[in-house]
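Engineer: The following block contains the structure, expressed as structure tokens.
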Amino acid sequence: MNLKDQQPLNIILKKSIKGGQFICKHPLVNTSRIKLFRPDLCEHAVSKVEQGTRYVLSIGWVKSAK
């Protein structure tokens, strides 16, 4: 399995007060709560949470070869 087979979906359950921003130049979906991206095509990161707590539900799946 390699990264191009993976599809992560992140759902922001609780935003931090300061920091904790999702950083990705070319996400597939990037709303205030939903983050969908291809890790093989888009370098991604999260800035440091400086105040408060950030909770994320991260769901990933692997696309099967046909």
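Going by the structure tokens order, chains are called A, B, ..., each with residues numbered from 1, while ligands are numbered from 1 in the order shown.
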Do you know which residues are at most 8 Å from Ser58 in chain A counting only C-alpha atoms, after dropping those on the same chain fewer than 2 positions away, and could you put them as a list in words?
Structural biologist: Pro8, Leu9, Asn10, Ile11, Val56 and Gly60 of chain A
Engineer: Would you mind exporting N, CA and C atoms of the selected residues as a PDB file, in the first residue's frame?
Structural biologist:
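What landed in selection.pdb:
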```pdb
ATOM      1  N   PRO A   8      -7.812  10.170   3.342  1.00  0.00           N
ATOM      2  CA  PRO A   8      -8.194  10.561   4.698  1.00  0.00           C
ATOM      3  C   PRO A   8      -9.274  11.646   4.700  1.00  0.00           C
ATOM      4  N   LEU A   9     -10.176  11.541   5.637  1.00  0.00           N
ATOM      5  CA  LEU A   9     -11.216  12.540   5.848  1.00  0.00           C
ATOM      6  C   LEU A   9     -11.126  12.968   7.308  1.00  0.00           C
ATOM      7  N   ASN A  10     -10.908  14.247   7.543  1.00  0.00           N
ATOM      8  CA  ASN A  10     -10.833  14.772   8.905  1.00  0.00           C
ATOM      9  C   ASN A  10     -12.050  15.641   9.179  1.00  0.00           C
ATOM     10  N   ILE A  11     -12.691  15.377  10.306  1.00  0.00           N
ATOM     11  CA  ILE A  11     -13.849  16.159  10.728  1.00  0.00           C
ATOM     12  C   ILE A  11     -13.469  16.854  12.041  1.00  0.00           C
ATOM     13  N   VAL A  56     -10.318  16.121  16.613  1.00  0.00           N
ATOM     14  CA  VAL A  56     -10.538  15.769  15.212  1.00  0.00           C
ATOM     15  C   VAL A  56     -10.887  14.294  15.123  1.00  0.00           C
ATOM     16  N   GLY A  60      -9.985   7.138   7.613  1.00  0.00           N
ATOM     17  CA  GLY A  60      -9.229   6.865   6.395  1.00  0.00           C
ATOM     18  C   GLY A  60      -9.673   5.559   5.765  1.00  0.00           C
TER      19      GLY A  60
END
```
Engineer: Need to verify the contact set: Pro39 in chain A, 8 Å, only C-alpha atoms, exclusion of same-chain residues closer than 2 positions in sequence. Can you return it as a PDB file with N, CA, C and O atoms, in the first residue's frame?
Structural biologist:
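The result, stored in selection_7.pdb:
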```
ATOM      1  N   LEU A   3       0.826   5.817  -0.417  1.00  0.00           N
ATOM      2  CA  LEU A   3      -0.022   6.966  -0.065  1.00  0.00           C
ATOM      3  C   LEU A   3      -1.097   7.266  -1.093  1.00  0.00           C
ATOM      4  O   LEU A   3      -2.158   7.768  -0.751  1.00  0.00           O
ATOM      5  N   LYS A   4      -0.860   6.970  -2.376  1.00  0.00           N
ATOM      6  CA  LYS A   4      -1.865   7.313  -3.375  1.00  0.00           C
ATOM      7  C   LYS A   4      -3.115   6.456  -3.254  1.00  0.00           C
ATOM      8  O   LYS A   4      -4.134   6.770  -3.831  1.00  0.00           O
ATOM      9  N   GLN A   6      -4.543   5.935  -0.285  1.00  0.00           N
ATOM     10  CA  GLN A   6      -5.213   6.381   0.930  1.00  0.00           C
ATOM     11  C   GLN A   6      -6.058   7.629   0.692  1.00  0.00           C
ATOM     12  O   GLN A   6      -5.675   8.508  -0.055  1.00  0.00           O
ATOM     13  N   GLN A   7      -7.214   7.675   1.338  1.00  0.00           N
ATOM     14  CA  GLN A   7      -8.106   8.837   1.277  1.00  0.00           C
ATOM     15  C   GLN A   7      -8.503   9.204   2.708  1.00  0.00           C
ATOM     16  O   GLN A   7      -9.412   8.609   3.268  1.00  0.00           O
ATOM     17  N   PRO A   8      -7.812  10.170   3.342  1.00  0.00           N
ATOM     18  CA  PRO A   8      -8.194  10.561   4.698  1.00  0.00           C
ATOM     19  C   PRO A   8      -9.274  11.646   4.700  1.00  0.00           C
ATOM     20  O   PRO A   8      -9.273  12.528   3.852  1.00  0.00           O
ATOM     21  N   PHE A  37      -8.340  15.345   1.676  1.00  0.00           N
ATOM     22  CA  PHE A  37      -7.142  15.639   0.884  1.00  0.00           C
ATOM     23  C   PHE A  37      -6.450  14.343   0.476  1.00  0.00           C
ATOM     24  O   PHE A  37      -6.717  13.282   1.017  1.00  0.00           O
ATOM     25  N   LEU A  41      -0.500  13.931  -2.937  1.00  0.00           N
ATOM     26  CA  LEU A  41      -0.478  15.111  -3.805  1.00  0.00           C
ATOM     27  C   LEU A  41      -0.347  16.423  -3.037  1.00  0.00           C
ATOM     28  O   LEU A  41      -0.032  17.453  -3.630  1.00  0.00           O
ATOM     29  N   CYS A  42      -0.627  16.409  -1.764  1.00  0.00           N
ATOM     30  CA  CYS A  42      -0.685  17.648  -0.993  1.00  0.00           C
ATOM     31  C   CYS A  42       0.045  17.494   0.335  1.00  0.00           C
ATOM     32  O   CYS A  42      -0.423  16.759   1.211  1.00  0.00           O
ATOM     33  N   GLU A  43       1.168  18.193   0.451  1.00  0.00           N
ATOM     34  CA  GLU A  43       1.840  18.226   1.747  1.00  0.00           C
ATOM     35  C   GLU A  43       0.906  18.924   2.727  1.00  0.00           C
ATOM     36  O   GLU A  43       0.301  19.940   2.393  1.00  0.00           O
ATOM     37  N   HIS A  44       0.778  18.385   3.914  1.00  0.00           N
ATOM     38  CA  HIS A  44      -0.175  18.938   4.863  1.00  0.00           C
ATOM     39  C   HIS A  44       0.423  18.970   6.272  1.00  0.00           C
ATOM     40  O   HIS A  44       1.370  18.257   6.572  1.00  0.00           O
TER      41      HIS A  44
END
```
Engineer: Please extract the residues of chain A with a backbone DSSP assignment of strand (DSSP E) and present them as an NGL selection string.
Structural biologist: :A and (6-14 or 18-19 or 22-24 or 29-30 or 34-36 or 44-46 or 49-51 or 55-62)
Engineer: Residues near Leu28 in chain A, anyone? I mean within 9 Å using only C-alpha atoms, not counting same-chain ones fewer than 3 positions away, as a CSV table (one decimal) with all heavy atoms, in the first residue's frame.
Structural biologist:
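Wrote it out as around-v4.csv, contents follow:
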```csv
chain,number,residue,atom,x,y,z
A,35,LYS,N,-12.2,18.3,6.2
A,35,LYS,CA,-10.9,18.4,5.5
A,35,LYS,C,-10.7,17.0,4.7
A,35,LYS,O,-10.6,16.0,5.4
A,35,LYS,CB,-9.7,18.6,6.4
A,35,LYS,CG,-10.0,19.7,7.5
A,35,LYS,CD,-10.1,21.0,6.9
A,35,LYS,CE,-10.3,22.1,8.0
A,35,LYS,NZ,-10.7,23.4,7.5
A,36,LEU,N,-10.7,17.1,3.4
A,36,LEU,CA,-10.5,15.9,2.6
A,36,LEU,C,-9.3,16.2,1.7
A,36,LEU,O,-9.4,17.2,1.0
A,36,LEU,CB,-11.8,15.5,1.8
A,36,LEU,CG,-11.7,14.3,0.9
A,36,LEU,CD1,-11.4,13.1,1.6
A,36,LEU,CD2,-12.9,14.2,0.0
A,37,PHE,N,-8.3,15.3,1.7
A,37,PHE,CA,-7.1,15.6,0.9
A,37,PHE,C,-6.4,14.3,0.5
A,37,PHE,O,-6.7,13.3,1.0
A,37,PHE,CB,-6.2,16.5,1.7
A,37,PHE,CG,-5.7,15.9,3.0
A,37,PHE,CD1,-4.5,15.3,3.0
A,37,PHE,CD2,-6.5,16.0,4.1
A,37,PHE,CE1,-4.0,14.7,4.2
A,37,PHE,CE2,-6.0,15.4,5.3
A,37,PHE,CZ,-4.8,14.8,5.3
A,38,ARG,N,-5.6,14.4,-0.5
A,38,ARG,CA,-4.8,13.3,-1.0
A,38,ARG,C,-3.3,13.5,-0.4
A,38,ARG,O,-2.6,14.5,-0.9
A,38,ARG,CB,-4.7,13.3,-2.5
A,38,ARG,CG,-6.0,12.9,-3.2
A,38,ARG,CD,-6.1,11.5,-3.5
A,38,ARG,NE,-4.9,10.9,-4.1
A,38,ARG,CZ,-4.7,10.8,-5.4
A,38,ARG,NH1,-5.6,11.2,-6.3
A,38,ARG,NH2,-3.6,10.2,-5.8
```
Engineer: Using only C-alpha atoms for the distances, tell me which of A:Asp5, A:Gln21, A:Trp61, A:Ile12 is nearest to Lys48 in chain A.
Structural biologist: A:Gln21
Engineer: For Val49 in chain A, which of A:Val62, A:Ser32, A:Lys25, A:Lys18 is the closest residue, counting only C-alpha atoms?
Structural biologist: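 Residue with the minimum atom-to-atom distance to Val49 in chain A: A:Lys18.
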Engineer: Provide the CA of Lys63 in chain A to CA of Ala45 in chain A distance in Å, to one decimal place.
Structural biologist: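 CA of Lys63 in chain A sits 22.7 Å away from CA of Ala45 in chain A.
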Engineer: Excluding Arg54 in chain A and any residue of its chain fewer than 4 positions from it, enumerate the residues within 9 Å of it, using only C-alpha atoms, and give them as a count of residues only.
Structural biologist: 8
